[in-house]
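Worksheet: one structure, shown below.
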Amino acid sequence: MMLAAGRGKRMRPLTATVPKPLIEVRGRALIDHGLDALEKAGVEEVVVNVHYLPSLVEAHLRRRPSGPATVISDEREQLLDTGGGIARALPLIGPDPFFLLNSDSFWIEGARPNLHWLAASWDDSAMDALLLLAPTVRSVGYHGVGDFRMDPNGALRRRPERDVAPFVYSGAAILHPRFFDDCPDVPFSLNVLFDRAIETGRLYGVRMDGLWLHVGTPEAIGEAEMMIADSAA
């Protein structure tokens with residue numbers, strides 16, 4: 001699944017007329033960078049949720065010449081937040097573990113493709129969610145204090161208050177549908193379920209190989225394009 005329903009408020013004024021997933025970085029829409037990564041990982045179908053300027057997102061997906069087939073999860077009437085949007089889409093996804101990407105999840109690959117590495121690290125007996133984590137200090141366009149600490153086995157804990165954590169969630173993950181058992185029947189953040197999985201010891205992570213490009217503001221577009229150009233040189 002790819003999350004593409006948000007309003008992109010921090011991207012204003014660019015998102016006044018263009019939904020954030022269609023903002024271009026290096027001549028490609030953000031959503032296309034994510035769909036390209038999913039295609040390379042062998043994904044054949046992607047559920048995409050829509051809310052803000054949905055007809056533009058749908059038209060863009062129809063124009064893609066190749067790649068995974070896309071199925072729309074419609075949130076036009078109510079924006080359901082990250083957790084609620086996935087919960088709404090579960091009937092379209094099916095009963096098996098699935099990739100999740102934010103539509104602005106974007107990175108420069110390292111030696112091993114990150115989604116392949118994520119899939120190879122999945123352990124269904126131990127995990128309900130497996131997050132792709134980027135090093136806080138090396139992420140381009142990210143200026144926060146991180147999200148998680150990770151033990152040697154990959155189990156995650158939240159950043160202590162007033163502390164800096166070594167890893168930030170990159171917006172890419174593998175989730176099992178059981179992760180959403182007994183979830184709220186209202187719009188809710190995926191963080192609610194992350195915290196619940198930490199309590200049960202079933203939230204894990206793997207460190208990204210490569211460089212995460214956090215494209216959350218107009219200024220971050222230039223930073224990302226500079227890093228892409230440098231990596232290609």
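Lettering and numbering for the structure tokens are positional, with chains as A, B, ... in the shown order, residues counted from 1 in each chain, and ligands counted from 1 in the shown order.
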**Report entry** Spatial neighbours of A:Thr70, max dist 8 Å, only C-alpha atoms, sep filter under 4 positions, as a PyMOL selection string
**Finding:** chain A and resi 45-48+61
Requested in this report: DSSP on the backbone, then: every residue of chain A marked strand (DSSP E), written as number ranges by chain.
Outcome: A: 2-3, 24-25, 28-29, 45-50, 69-74, 98-102, 107-109, 129-135, 148-150, 156-158, 167-175, 203-207, 210-212
Query raised in the report: Quick one: residues within 12 Å of A:Lys40, only C-alpha atoms counted, chain neighbours fewer than 5 positions away excluded, as a ChimeraX atom specification?
Result: /A:33-35,66-68,109,112-116
Would you save the residues from that selection as a PDB file, in the first residue's frame, using N, CA, C and O atoms?
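Output saved as again23.pdb:
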ATOM      1  N   HIS A  33       8.705   7.742  -7.621  1.00  0.00           N
ATOM      2  CA  HIS A  33       9.916   7.190  -6.995  1.00  0.00           C
ATOM      3  C   HIS A  33       9.552   5.973  -6.145  1.00  0.00           C
ATOM      4  O   HIS A  33      10.238   4.944  -6.171  1.00  0.00           O
ATOM      5  N   GLY A  34       8.457   6.084  -5.368  1.00  0.00           N
ATOM      6  CA  GLY A  34       8.025   4.958  -4.539  1.00  0.00           C
ATOM      7  C   GLY A  34       7.526   3.785  -5.367  1.00  0.00           C
ATOM      8  O   GLY A  34       7.851   2.627  -5.082  1.00  0.00           O
ATOM      9  N   LEU A  35       6.728   4.070  -6.387  1.00  0.00           N
ATOM     10  CA  LEU A  35       6.208   2.996  -7.237  1.00  0.00           C
ATOM     11  C   LEU A  35       7.336   2.295  -7.992  1.00  0.00           C
ATOM     12  O   LEU A  35       7.294   1.084  -8.198  1.00  0.00           O
ATOM     13  N   SER A  66       4.082   1.897 -17.138  1.00  0.00           N
ATOM     14  CA  SER A  66       4.395   0.539 -16.702  1.00  0.00           C
ATOM     15  C   SER A  66       4.401   0.507 -15.186  1.00  0.00           C
ATOM     16  O   SER A  66       4.146   1.500 -14.515  1.00  0.00           O
ATOM     17  N   GLY A  67       4.722  -0.659 -14.652  1.00  0.00           N
ATOM     18  CA  GLY A  67       4.828  -0.790 -13.203  1.00  0.00           C
ATOM     19  C   GLY A  67       3.628  -1.486 -12.608  1.00  0.00           C
ATOM     20  O   GLY A  67       2.763  -2.022 -13.326  1.00  0.00           O
ATOM     21  N   PRO A  68       3.530  -1.501 -11.285  1.00  0.00           N
ATOM     22  CA  PRO A  68       2.439  -2.226 -10.631  1.00  0.00           C
ATOM     23  C   PRO A  68       1.074  -1.657 -11.003  1.00  0.00           C
ATOM     24  O   PRO A  68       0.921  -0.442 -11.211  1.00  0.00           O
ATOM     25  N   GLU A 109      19.534   4.220  -3.176  1.00  0.00           N
ATOM     26  CA  GLU A 109      19.859   2.860  -2.770  1.00  0.00           C
ATOM     27  C   GLU A 109      21.353   2.705  -2.485  1.00  0.00           C
ATOM     28  O   GLU A 109      22.200   3.366  -3.108  1.00  0.00           O
ATOM     29  N   ARG A 112      22.569  -2.929  -1.403  1.00  0.00           N
ATOM     30  CA  ARG A 112      21.459  -3.885  -1.526  1.00  0.00           C
ATOM     31  C   ARG A 112      20.144  -3.123  -1.549  1.00  0.00           C
ATOM     32  O   ARG A 112      19.950  -2.200  -0.758  1.00  0.00           O
ATOM     33  N   PRO A 113      19.228  -3.446  -2.462  1.00  0.00           N
ATOM     34  CA  PRO A 113      17.949  -2.744  -2.527  1.00  0.00           C
ATOM     35  C   PRO A 113      17.192  -2.869  -1.201  1.00  0.00           C
ATOM     36  O   PRO A 113      17.041  -3.966  -0.658  1.00  0.00           O
ATOM     37  N   ASN A 114      16.708  -1.750  -0.697  1.00  0.00           N
ATOM     38  CA  ASN A 114      16.149  -1.741   0.649  1.00  0.00           C
ATOM     39  C   ASN A 114      14.878  -2.563   0.800  1.00  0.00           C
ATOM     40  O   ASN A 114      14.670  -3.190   1.844  1.00  0.00           O
ATOM     41  N   LEU A 115      14.015  -2.579  -0.191  1.00  0.00           N
ATOM     42  CA  LEU A 115      12.787  -3.360  -0.043  1.00  0.00           C
ATOM     43  C   LEU A 115      13.074  -4.856  -0.096  1.00  0.00           C
ATOM     44  O   LEU A 115      12.397  -5.648   0.571  1.00  0.00           O
ATOM     45  N   HIS A 116      14.063  -5.266  -0.867  1.00  0.00           N
ATOM     46  CA  HIS A 116      14.484  -6.668  -0.837  1.00  0.00           C
ATOM     47  C   HIS A 116      15.038  -7.023   0.545  1.00  0.00           C
ATOM     48  O   HIS A 116      14.755  -8.101   1.093  1.00  0.00           O
TER      49      HIS A 116
END
Report summary line: In terms of only C-alpha atoms, the residue from A:Pro97, A:Gly83, A:Pro65, A:Gly171 at minimal distance from A:Asp124 is A:Pro97
Query raised in the report: Which of these, A:Leu203, A:Ile174, A:Ala155, A:Met1, has the shortest distance to A:Leu90 once you count only C-alpha atoms?
Result: A:Met1
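Atom pair atom CA of A:Gly42 / atom CA of A:Ala119 has a distance of 11.0 Å (rounded to one decimal).
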Query raised in the report: Within 12 Å of A:Glu219, counting only C-alpha atoms, which residues qualify if same-chain residues fewer than 6 places away don't, as a ChimeraX atom specification?
Result: /A:10-14,25,140-142,225-226
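For the set A:Asp74, A:Asp96, A:Asp104, A:Asp81, the residue with the smallest atom-to-atom gap to A:Asp32 is A:Asp104, counting only C-alpha atoms.
Of note, atom CA of A:Ile86 and atom CA of A:Ala5 are spaced 10.9 Å apart.
Here atom CA of A:Met2 stands at a distance of 24.2 Å from atom CA of A:Ala126.
With only C-alpha atoms as the atoms that count, the residue of A:Ile108, A:Val137, A:Ala41, A:Ala16 with the shortest distance to A:Leu213 is A:Ile108.
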Query raised in the report: Which neighbours of A:Val192 fall inside 12 Å, counting only C-alpha atoms, when residues of the same chain fewer than 3 positions from it are skipped, and could you give them as a PyMOL selection string?
Result: chain A and resi 81-84+179-180+182-184+187-189+195-199
